[in-house]
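S.K.: entry_0.pdb is reproduced below (PDB, C-alpha atoms and all ligand atoms).
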ATOM      1  CA  MET A 139       0.000   0.000   0.000  1.00  0.00           C
ATOM      2  CA  GLU A 140       1.341   3.398  -0.958  1.00  0.00           C
ATOM      3  CA  SER A 141       1.903   6.246   1.448  1.00  0.00           C
ATOM      4  CA  THR A 142      -0.973   8.285   0.043  1.00  0.00           C
ATOM      5  CA  ALA A 143      -3.446   5.416   0.410  1.00  0.00           C
ATOM      6  CA  LEU A 144      -2.235   4.733   3.937  1.00  0.00           C
ATOM      7  CA  MET A 145      -2.537   8.425   4.784  1.00  0.00           C
ATOM      8  CA  THR A 146      -6.106   8.455   3.453  1.00  0.00           C
ATOM      9  CA  GLU A 147      -6.954   5.696   5.932  1.00  0.00           C
ATOM     10  CA  ALA A 148      -5.255   7.613   8.741  1.00  0.00           C
ATOM     11  CA  ARG A 149      -7.243  10.706   7.816  1.00  0.00           C
ATOM     12  CA  LYS A 150     -10.490   8.718   8.008  1.00  0.00           C
ATOM     13  CA  ALA A 151      -9.448   7.326  11.382  1.00  0.00           C
ATOM     14  CA  ALA A 152      -8.961  10.891  12.643  1.00  0.00           C
ATOM     15  CA  ASP A 153     -12.674  11.446  12.050  1.00  0.00           C
ATOM     16  CA  ARG A 154     -13.335   8.653  14.526  1.00  0.00           C
ATOM     17  CA  ALA A 155     -11.045  10.107  17.200  1.00  0.00           C
ATOM     18  CA  TYR A 156     -12.494  10.922  20.590  1.00  0.00           C
ATOM     19  CA  ALA A 157     -10.895  14.297  21.274  1.00  0.00           C
ATOM     20  CA  PRO A 158     -13.512  16.577  22.854  1.00  0.00           C
ATOM     21  CA  TYR A 159     -11.014  18.237  25.206  1.00  0.00           C
ATOM     22  CA  SER A 160      -8.127  19.178  22.935  1.00  0.00           C
ATOM     23  CA  ARG A 161     -10.190  19.219  19.741  1.00  0.00           C
ATOM     24  CA  PHE A 162      -7.002  17.914  18.162  1.00  0.00           C
ATOM     25  CA  ARG A 163      -7.964  14.793  16.250  1.00  0.00           C
ATOM     26  CA  VAL A 164      -5.278  12.334  15.276  1.00  0.00           C
ATOM     27  CA  GLY A 165      -5.632   9.249  13.126  1.00  0.00           C
ATOM     28  CA  ALA A 166      -3.165   6.429  12.686  1.00  0.00           C
ATOM     29  CA  ALA A 167      -3.075   3.700  10.062  1.00  0.00           C
ATOM     30  CA  LEU A 168      -0.755   0.787  10.658  1.00  0.00           C
ATOM     31  CA  LEU A 169       0.109  -1.534   7.805  1.00  0.00           C
ATOM     32  CA  CYS A 170       0.758  -5.044   9.099  1.00  0.00           C
ATOM     33  CA  GLY A 171       3.175  -7.634   7.789  1.00  0.00           C
ATOM     34  CA  ASP A 172       0.274  -9.806   6.631  1.00  0.00           C
ATOM     35  CA  GLY A 173      -1.026  -6.955   4.451  1.00  0.00           C
ATOM     36  CA  SER A 174      -3.887  -6.049   6.738  1.00  0.00           C
ATOM     37  CA  LEU A 175      -4.568  -2.580   8.032  1.00  0.00           C
ATOM     38  CA  ILE A 176      -5.278  -1.415  11.562  1.00  0.00           C
ATOM     39  CA  THR A 177      -6.557   2.098  12.208  1.00  0.00           C
ATOM     40  CA  ALA A 178      -7.171   4.071  15.377  1.00  0.00           C
ATOM     41  CA  GLY A 179      -7.743   7.566  16.660  1.00  0.00           C
ATOM     42  CA  ASN A 180      -6.693   9.299  19.860  1.00  0.00           C
ATOM     43  CA  VAL A 181      -8.965   8.580  22.794  1.00  0.00           C
ATOM     44  CA  GLU A 182      -9.124  11.317  25.411  1.00  0.00           C
ATOM     45  CA  ASN A 183     -10.556  11.312  28.894  1.00  0.00           C
ATOM     46  CA  ARG A 184     -11.832  13.983  31.241  1.00  0.00           C
ATOM     47  CA  SER A 185      -8.983  12.877  33.491  1.00  0.00           C
ATOM     48  CA  PHE A 186      -6.621  14.311  30.909  1.00  0.00           C
ATOM     49  CA  GLY A 187      -3.609  12.164  31.750  1.00  0.00           C
ATOM     50  CA  MET A 188      -5.534   9.049  30.741  1.00  0.00           C
ATOM     51  CA  THR A 189      -5.517  10.132  27.102  1.00  0.00           C
ATOM     52  CA  ILE A 190      -4.187   7.577  24.630  1.00  0.00           C
ATOM     53  CA  CYS A 191      -2.587   8.723  21.389  1.00  0.00           C
ATOM     54  CA  ALA A 192      -3.755   7.400  18.041  1.00  0.00           C
ATOM     55  CA  GLU A 193      -0.450   5.653  17.369  1.00  0.00           C
ATOM     56  CA  ARG A 194      -0.456   3.715  20.622  1.00  0.00           C
ATOM     57  CA  SER A 195      -4.131   2.884  20.158  1.00  0.00           C
ATOM     58  CA  ALA A 196      -3.282   1.398  16.776  1.00  0.00           C
ATOM     59  CA  ILE A 197      -0.357  -0.612  18.130  1.00  0.00           C
ATOM     60  CA  VAL A 198      -2.402  -2.002  21.021  1.00  0.00           C
ATOM     61  CA  LYS A 199      -5.324  -2.771  18.742  1.00  0.00           C
ATOM     62  CA  ALA A 200      -3.030  -4.603  16.318  1.00  0.00           C
ATOM     63  CA  LEU A 201      -1.293  -6.617  19.039  1.00  0.00           C
ATOM     64  CA  SER A 202      -4.692  -7.535  20.430  1.00  0.00           C
ATOM     65  CA  GLU A 203      -5.624  -8.882  17.020  1.00  0.00           C
ATOM     66  CA  GLY A 204      -2.514 -11.071  16.990  1.00  0.00           C
ATOM     67  CA  LYS A 205      -0.461  -8.901  14.647  1.00  0.00           C
ATOM     68  CA  ARG A 206       3.159  -8.339  15.604  1.00  0.00           C
ATOM     69  CA  SER A 207       4.810  -7.366  12.370  1.00  0.00           C
ATOM     70  CA  PHE A 208       4.435  -3.897  10.872  1.00  0.00           C
ATOM     71  CA  THR A 209       5.622  -2.428   7.607  1.00  0.00           C
ATOM     72  CA  ALA A 210       4.475   1.221   7.683  1.00  0.00           C
ATOM     73  CA  LEU A 211       2.646   3.756   9.826  1.00  0.00           C
ATOM     74  CA  ALA A 212       0.741   6.853   8.747  1.00  0.00           C
ATOM     75  CA  VAL A 213      -0.347   9.627  11.102  1.00  0.00           C
ATOM     76  CA  SER A 214      -2.872  12.271  10.137  1.00  0.00           C
ATOM     77  CA  CYS A 215      -3.548  15.449  12.140  1.00  0.00           C
ATOM     78  CA  PRO A 216      -6.274  17.342  10.316  1.00  0.00           C
ATOM     79  CA  ASP A 217      -6.475  19.976  13.061  1.00  0.00           C
ATOM     80  CA  ALA A 218      -2.804  20.947  12.835  1.00  0.00           C
ATOM     81  CA  ASP A 219      -1.378  23.437  10.368  1.00  0.00           C
ATOM     82  CA  TYR A 220       1.899  21.487  10.281  1.00  0.00           C
ATOM     83  CA  PRO A 221       2.734  17.774   9.943  1.00  0.00           C
ATOM     84  CA  VAL A 222       2.647  16.130  13.377  1.00  0.00           C
ATOM     85  CA  SER A 223       4.944  13.200  14.086  1.00  0.00           C
ATOM     86  CA  PRO A 224       4.417  10.623  16.858  1.00  0.00           C
ATOM     87  CA  CYS A 225       5.077  11.904  20.380  1.00  0.00           C
ATOM     88  CA  GLY A 226       7.988  10.648  22.464  1.00  0.00           C
ATOM     89  CA  ALA A 227       5.940   8.062  24.331  1.00  0.00           C
ATOM     90  CA  CYS A 228       4.608   6.658  21.063  1.00  0.00           C
ATOM     91  CA  ARG A 229       8.096   6.492  19.562  1.00  0.00           C
ATOM     92  CA  GLN A 230       9.140   4.303  22.472  1.00  0.00           C
ATOM     93  CA  VAL A 231       6.118   2.032  22.080  1.00  0.00           C
ATOM     94  CA  ILE A 232       6.456   1.770  18.295  1.00  0.00           C
ATOM     95  CA  SER A 233      10.103   0.819  18.762  1.00  0.00           C
ATOM     96  CA  GLU A 234       9.025  -2.209  20.789  1.00  0.00           C
ATOM     97  CA  PHE A 235       7.435  -3.730  17.692  1.00  0.00           C
ATOM     98  CA  ALA A 236       9.227  -2.277  14.682  1.00  0.00           C
ATOM     99  CA  GLY A 237      12.749  -1.843  13.424  1.00  0.00           C
ATOM    100  CA  ARG A 238      14.651   1.318  12.605  1.00  0.00           C
ATOM    101  CA  GLU A 239      13.674   1.037   8.949  1.00  0.00           C
ATOM    102  CA  LEU A 240       9.898   1.336   9.550  1.00  0.00           C
ATOM    103  CA  PRO A 241       8.609   4.156   7.337  1.00  0.00           C
ATOM    104  CA  ILE A 242       6.466   6.694   9.166  1.00  0.00           C
ATOM    105  CA  TYR A 243       4.342   9.095   7.142  1.00  0.00           C
ATOM    106  CA  PHE A 244       2.849  12.120   8.832  1.00  0.00           C
ATOM    107  CA  ALA A 245       0.735  15.028   7.737  1.00  0.00           C
ATOM    108  CA  GLY A 246      -1.203  18.026   8.965  1.00  0.00           C
ATOM    109  CA  ARG A 247      -4.317  19.717   7.662  1.00  0.00           C
ATOM    110  CA  ASP A 248      -3.149  20.090   4.086  1.00  0.00           C
ATOM    111  CA  GLY A 249      -2.363  16.384   3.830  1.00  0.00           C
ATOM    112  CA  ALA A 250       1.177  16.931   2.513  1.00  0.00           C
ATOM    113  CA  ILE A 251       3.126  13.870   3.550  1.00  0.00           C
ATOM    114  CA  ARG A 252       6.478  13.912   5.313  1.00  0.00           C
ATOM    115  CA  THR A 253       8.327  10.619   5.414  1.00  0.00           C
ATOM    116  CA  VAL A 254      10.862   9.516   7.994  1.00  0.00           C
ATOM    117  CA  THR A 255      12.024   6.218   9.430  1.00  0.00           C
ATOM    118  CA  LEU A 256      11.548   5.139  13.010  1.00  0.00           C
ATOM    119  CA  GLY A 257      15.339   5.226  13.347  1.00  0.00           C
ATOM    120  CA  GLU A 258      15.341   8.906  12.453  1.00  0.00           C
ATOM    121  CA  LEU A 259      12.626   9.698  14.977  1.00  0.00           C
ATOM    122  CA  PHE A 260      14.089   7.512  17.698  1.00  0.00           C
ATOM    123  CA  PRO A 261      17.821   7.215  17.079  1.00  0.00           C
ATOM    124  CA  PHE A 262      18.844   5.959  20.491  1.00  0.00           C
ATOM    125  CA  ASP A 263      16.938   2.804  21.291  1.00  0.00           C
ATOM    126  CA  ALA A 264      16.270   3.011  25.022  1.00  0.00           C
ATOM    127  CA  LEU A 265      16.751  -0.304  26.829  1.00  0.00           C
ATOM    128  CA  HIS A 266      17.553  -2.130  23.603  1.00  0.00           C
ATOM    129  CA  GLU A 267      19.259  -4.902  25.557  1.00  0.00           C
ATOM    130  CA  LEU A 268      15.891  -5.779  27.097  1.00  0.00           C
ATOM    131  CA  ARG A 269      14.007  -5.749  23.820  1.00  0.00           C
ATOM    132  CA  GLU A 270      12.198  -8.737  22.400  1.00  0.00           C
ATOM    133  CA  ARG A 271      11.986 -12.052  24.055  1.00  0.00           C
ATOM    134  CA  PRO A 272      11.690 -14.691  21.313  1.00  0.00           C
ATOM    135  CA  THR A 273       9.100 -16.669  23.259  1.00  0.00           C
ATOM    136  CA  GLY A 274       6.826 -13.620  23.384  1.00  0.00           C
ATOM    137  CA  GLY A 275       4.584 -12.986  26.345  1.00  0.00           C
TER     138      GLY A 275
HETATM  139  N1  LIG B 301      -1.845  12.955  20.089  1.00  0.00           N
HETATM  140  C1  LIG B 301      -1.824  11.816  19.346  1.00  0.00           C
HETATM  141  O1  LIG B 301      -2.807  11.080  19.293  1.00  0.00           O
HETATM  142  N2  LIG B 301      -0.682  11.513  18.688  1.00  0.00           N
HETATM  143  C2  LIG B 301       0.424  12.332  18.616  1.00  0.00           C
HETATM  144  O2  LIG B 301       1.417  11.963  18.025  1.00  0.00           O
HETATM  145  C3  LIG B 301       0.367  13.653  19.242  1.00  0.00           C
HETATM  146  C4  LIG B 301      -0.697  13.815  20.262  1.00  0.00           C
HETATM  147  C5  LIG B 301      -3.101  13.339  20.754  1.00  0.00           C
HETATM  148  C6  LIG B 301      -3.090  13.294  22.241  1.00  0.00           C
HETATM  149  C7  LIG B 301      -4.190  14.290  22.579  1.00  0.00           C
HETATM  150  O3  LIG B 301      -5.441  13.640  22.527  1.00  0.00           O
HETATM  151  C8  LIG B 301      -4.114  15.303  21.454  1.00  0.00           C
HETATM  152  O4  LIG B 301      -3.414  14.665  20.398  1.00  0.00           O
HETATM  153  C9  LIG B 301      -3.400  16.592  21.830  1.00  0.00           C
HETATM  154  O5  LIG B 301      -2.167  16.338  22.391  1.00  0.00           O
END
Rewrite the structure of this file - the entire thing - as structure tokens.

M.R.:
Amino acid sequence: MESTALMTEARKAADRAYAPYSRFRVGAALLCGDGSLITAGNVENRSFGMTICAERSAIVKALSEGKRSFTALAVSCPDADYPVSPCGACRQVISEFAGRELPIYFAGRDGAIRTVTLGELFPFDALHELRERPTGG
């Protein structure tokens, strides 16, 4: 799936975000190794710190569906006038399940796509010596 098609799905997911407090909708579209697509939006809470970003929602949703391999991620922020990349917490979580080469596409209101790799966004892999136990779980 091309970046533009993946971004279109992320943009649609942003419309399903639950963001009544910030009014800053974010949509994520995660392309899985098996070719399937998982989408999610940010989910806020009136206890603001409980908010979950779109990217982490997508990762958790995918893992819950048994998917552990990912080939690309698109993030759409239709309420931002600049392209918004995954926050620091999400970079850490994405790095648990993807390699440095994972392409990440991100866009703001105008939909213009910026492309980076996870390695560019998260160059120093925190706790890499603890990463990935082959048995899972
Ligand atoms: N947010 C995301 O969903 N992903 C990001 O990468 C940036 C921030 C959400 C969290 C909160 O609901 C709103 O955007 C404003 O921070």

S.K.: Evaluated on this file, the PyMOL selection byres (((chain A and resi 149) around 9) and not hetatm) picks out some residues - which ones are they, written as a ChimeraX atom specification?

M.R.: /A:144-148,150-153,164-167,212-216,249

S.K.: Report as a PyMOL selection string which protein, DNA and RNA residues come within 8 Å of ligand LIG 301 (chain B), using only C-alpha atoms and all ligand atoms.

M.R.: chain A and resi 156-157+159-165+179-182+189-194+213+222-225+228

S.K.: Write the residues of the selection above to a file with C-alpha atoms, as a JSON list (two decimals), keeping the file's coordinate frame.

M.R.:
[["chain", "number", "residue", "atom", "x", "y", "z"],
["A", 156, "TYR", "CA", -12.49, 10.92, 20.59],
["A", 157, "ALA", "CA", -10.90, 14.30, 21.27],
["A", 159, "TYR", "CA", -11.01, 18.24, 25.21],
["A", 160, "SER", "CA", -8.13, 19.18, 22.94],
["A", 161, "ARG", "CA", -10.19, 19.22, 19.74],
["A", 162, "PHE", "CA", -7.00, 17.91, 18.16],
["A", 163, "ARG", "CA", -7.96, 14.79, 16.25],
["A", 164, "VAL", "CA", -5.28, 12.33, 15.28],
["A", 165, "GLY", "CA", -5.63, 9.25, 13.13],
["A", 179, "GLY", "CA", -7.74, 7.57, 16.66],
["A", 180, "ASN", "CA", -6.69, 9.30, 19.86],
["A", 181, "VAL", "CA", -8.96, 8.58, 22.79],
["A", 182, "GLU", "CA", -9.12, 11.32, 25.41],
["A", 189, "THR", "CA", -5.52, 10.13, 27.10],
["A", 190, "ILE", "CA", -4.19, 7.58, 24.63],
["A", 191, "CYS", "CA", -2.59, 8.72, 21.39],
["A", 192, "ALA", "CA", -3.76, 7.40, 18.04],
["A", 193, "GLU", "CA", -0.45, 5.65, 17.37],
["A", 194, "ARG", "CA", -0.46, 3.72, 20.62],
["A", 213, "VAL", "CA", -0.35, 9.63, 11.10],
["A", 222, "VAL", "CA", 2.65, 16.13, 13.38],
["A", 223, "SER", "CA", 4.94, 13.20, 14.09],
["A", 224, "PRO", "CA", 4.42, 10.62, 16.86],
["A", 225, "CYS", "CA", 5.08, 11.90, 20.38],
["A", 228, "CYS", "CA", 4.61, 6.66, 21.06]]

S.K.: Quick one, how far is atom CA of A:Asp263 from atom CA of A:Ser195?

M.R.: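 It comes out at 21.1 Å.
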
S.K.: Residue by residue, what does the PyMOL selection byres (((chain A and resi 204) around 12) and not hetatm) grab here? Present the result as an MDAnalysis selection string.

M.R.: chainID A and resid 170:172 174 176 197:203 205:208 274:275

S.K.: Return the single residue from A:Ala196, A:Ile232, A:Ala210, A:Ile251 that is closest to A:Ala155, with distances computed using all atoms listed in the file.

M.R.: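 Closest to A:Ala155 of all the choices is A:Ala196.
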
S.K.: A:Gly237: which residues within 12 Å, counting only C-alpha atoms, same-chain residues fewer than 6 positions away excluded, as a PyMOL selection string?

M.R.: chain A and resi 206-210+229-231+255-261+263+266+269-270

S.K.: In Å to one decimal, how far is atom CA of A:Ser233 from atom CA of A:Leu268?

M.R.: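 Between atom CA of A:Leu268 and atom CA of A:Ser233 the gap works out to 12.1 Å.
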
S.K.: State, in Å with one decimal place, the distance from atom CA of A:Ala250 to atom CA of A:Gly226.

M.R.: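 For atom CA of A:Ala250 relative to atom CA of A:Gly226, the distance reads 22.0 Å.
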
S.K.: Could you check which of A:Val254, A:Leu240, A:Ala245, A:Leu211 is closest to A:Thr177, using all atoms listed in the file?

M.R.: A:Leu211
